[in-house]
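S.K.: One structure, pasted below without further comment.
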Amino acid sequence: MLLAVVLEEQDQNLSRLISWILMQFITSFMIFRLQFFCFIPFWVKNTSMLNSQPHVIVHCAAERRPDVVENQPDAASQLNVDASGNLAKEAAAVGAFLIYISSDYVFDGTNPPYREEDIPSPLNLYGKTKLEGERAVLENNLGAAVLRIPVLYGEVEKLEESAVTVMFDKVQFSNKSANMDHWQQRFPTHVKDVATVCRQLAEKRMLDPSIKGTFHWSGNEQMTKYEMACAIADTFNLPSSHLRPITDSPVLGAQRPRNAQLDCSKLETLGIGQRTPFRIGIKESLWPFLIDKRWRQTVFH
């Protein structure tokens, strides 16, 4: 079976890691032997995939930063919407199962948890472009799947690659107070869990053509950024008294949903899913960036 993971060439966020982690799961395909793994730097119009004829395509390419989308709406729409529609057409032409990675930001966060059939109502342009991307995919490829996920974290090369890992410097530098959002409710999800769900979806689809449409996956630990930062501090035995919870809704930048919790029972009913406890996942992700080398040597060596 040929698997293609589609990324935007300049993107250095967790979508790059999804492709890397998916590759690690290749040997665990229990039903189909993998013949080839294809990493594709993605442009808006790309027909090279027609030649390789993949069986499964995971579409991770997106402009994921809400504030950037607000400032660069045309470029974001071209990638999040137009490119997704083009890719859906190509996938349909070669008979590939397309998994489009979408976002919990398609919901306004006023009435969680959200099921797949709930009516989306995005608050910001990022959420709107992801919703339009979903529609473009499903209109151009009736057999495609949309996988909505929340904020991601995982192993990174730079802390700023994830909205979760980027907090680590504020946690470590305890000599300076740091304001942390304590208003928006998030459900941090490890990228390797998303990779597992993509693999399991592909396995199910190869056996059952009815596996298509919209699905949700998410971690199940509800935390604000302040609570994540405190959990990170506790994980590494670091002080947290310098972290200041801010309970007011943010006034700057793109509007965010307060609580866009995703109901994942549809996938769970199919026997699909994996959840890494946050403290375990964040320790694996952040320990290489730990400043206190003595603690790192004591715990990990």
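Scheme for the structure tokens: letters A, B, ... for chains in order shown; per-chain residue numbers from 1; ligand numbers from 1 in order shown.
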If you run DSSP on this backbone, which residues of range 205-285 of chain A come out as helix (DSSP H, G or I), and could you give them as an NGL selection string?

M.R.: :A and (205-207 or 225-235 or 265-269 or 278-285)

S.K.: Run DSSP on the backbone of this structure and report the residues of range 151-285 of chain A it assigns to strand (DSSP E or B), as a count of residues only.

M.R.: 21

S.K.: Between A:Glu70, A:Lys192, A:Gly143, A:Thr129, single out the one closest to Glu155 in chain A, counting only C-alpha atoms.

M.R.: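 Of A:Glu70, A:Lys192, A:Gly143, A:Thr129, the one nearest Glu155 in chain A, counting only C-alpha atoms, is A:Lys192.
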
S.K.: Which one is closest to Leu270 in chain A: A:Val197, A:Met206, A:Ala178, A:Ala145? Count only C-alpha atoms.

M.R.: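 Once distances to Leu270 in chain A are computed over only C-alpha atoms, the minimum belongs to A:Val197.
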
S.K.: Of the residues A:Tyr114, A:Thr235, A:Thr247, A:Ala254, which is the one nearest to Val69 in chain A, using only C-alpha atoms?

M.R.: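 Closest candidate: A:Ala254.
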
S.K.: For Val58 in chain A, which residue out of A:Ala93, A:Leu125, A:Ile119, A:Ala144 is the nearest one, using only C-alpha atoms?

M.R.: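 The shortest atom-to-atom distance to Val58 in chain A comes from A:Ala144.
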
S.K.: So that I can check the surroundings of His190 in chain A, please list as a ChimeraX atom specification every protein, DNA and RNA residue that reaches within 6 Å of it, counting only C-alpha atoms and ignoring chain neighbours fewer than 6 positions away.

M.R.: /A:152-154

S.K.: Put those residues in a file: all heavy atoms, as a PDB file, in the first residue's frame.

M.R.:
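Once everything was written out, this is out.pdb:
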ATOM      1  N   LEU A 152      -2.272  20.731  18.974  1.00  0.00           N
ATOM      2  CA  LEU A 152      -1.355  19.597  18.968  1.00  0.00           C
ATOM      3  C   LEU A 152      -0.036  19.942  19.652  1.00  0.00           C
ATOM      4  O   LEU A 152       0.372  21.097  19.732  1.00  0.00           O
ATOM      5  CB  LEU A 152      -1.058  19.163  17.533  1.00  0.00           C
ATOM      6  CG  LEU A 152      -2.222  18.676  16.684  1.00  0.00           C
ATOM      7  CD1 LEU A 152      -1.736  18.334  15.284  1.00  0.00           C
ATOM      8  CD2 LEU A 152      -2.905  17.479  17.322  1.00  0.00           C
ATOM      9  N   TYR A 153       0.632  18.918  20.130  1.00  0.00           N
ATOM     10  CA  TYR A 153       1.996  19.042  20.625  1.00  0.00           C
ATOM     11  C   TYR A 153       2.702  17.726  20.358  1.00  0.00           C
ATOM     12  O   TYR A 153       2.077  16.713  20.013  1.00  0.00           O
ATOM     13  CB  TYR A 153       2.022  19.379  22.121  1.00  0.00           C
ATOM     14  CG  TYR A 153       1.654  18.217  23.005  1.00  0.00           C
ATOM     15  CD1 TYR A 153       2.636  17.425  23.596  1.00  0.00           C
ATOM     16  CD2 TYR A 153       0.318  17.885  23.238  1.00  0.00           C
ATOM     17  CE1 TYR A 153       2.297  16.338  24.392  1.00  0.00           C
ATOM     18  CE2 TYR A 153      -0.025  16.811  24.036  1.00  0.00           C
ATOM     19  CZ  TYR A 153       0.968  16.033  24.606  1.00  0.00           C
ATOM     20  OH  TYR A 153       0.632  14.961  25.375  1.00  0.00           O
ATOM     21  N   GLY A 154       4.019  17.737  20.494  1.00  0.00           N
ATOM     22  CA  GLY A 154       4.811  16.532  20.283  1.00  0.00           C
ATOM     23  C   GLY A 154       6.276  16.894  20.214  1.00  0.00           C
ATOM     24  O   GLY A 154       6.675  18.009  20.569  1.00  0.00           O
TER      25      GLY A 154
END

S.K.: Rank nothing, just name the residue among A:Ala76, A:Val137, A:Ile280, A:Val68 nearest to Leu98 in chain A, using only C-alpha atoms.

M.R.: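 When distances to Leu98 in chain A are compared using only C-alpha atoms, the smallest one comes from A:Val137.
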
S.K.: Quick one: pull the distance between CA of Gly253 in chain A and CA of Ile232 in chain A, Å, one decimal.

M.R.: 25.4 Å

S.K.: Please determine, counting only C-alpha atoms, which residue among A:Arg65, A:Arg258, A:Lys170, A:Arg275 has the shortest atom-to-atom distance to Thr196 in chain A.

M.R.: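 Answer, going by the shortest atom-to-atom distance: A:Arg275.
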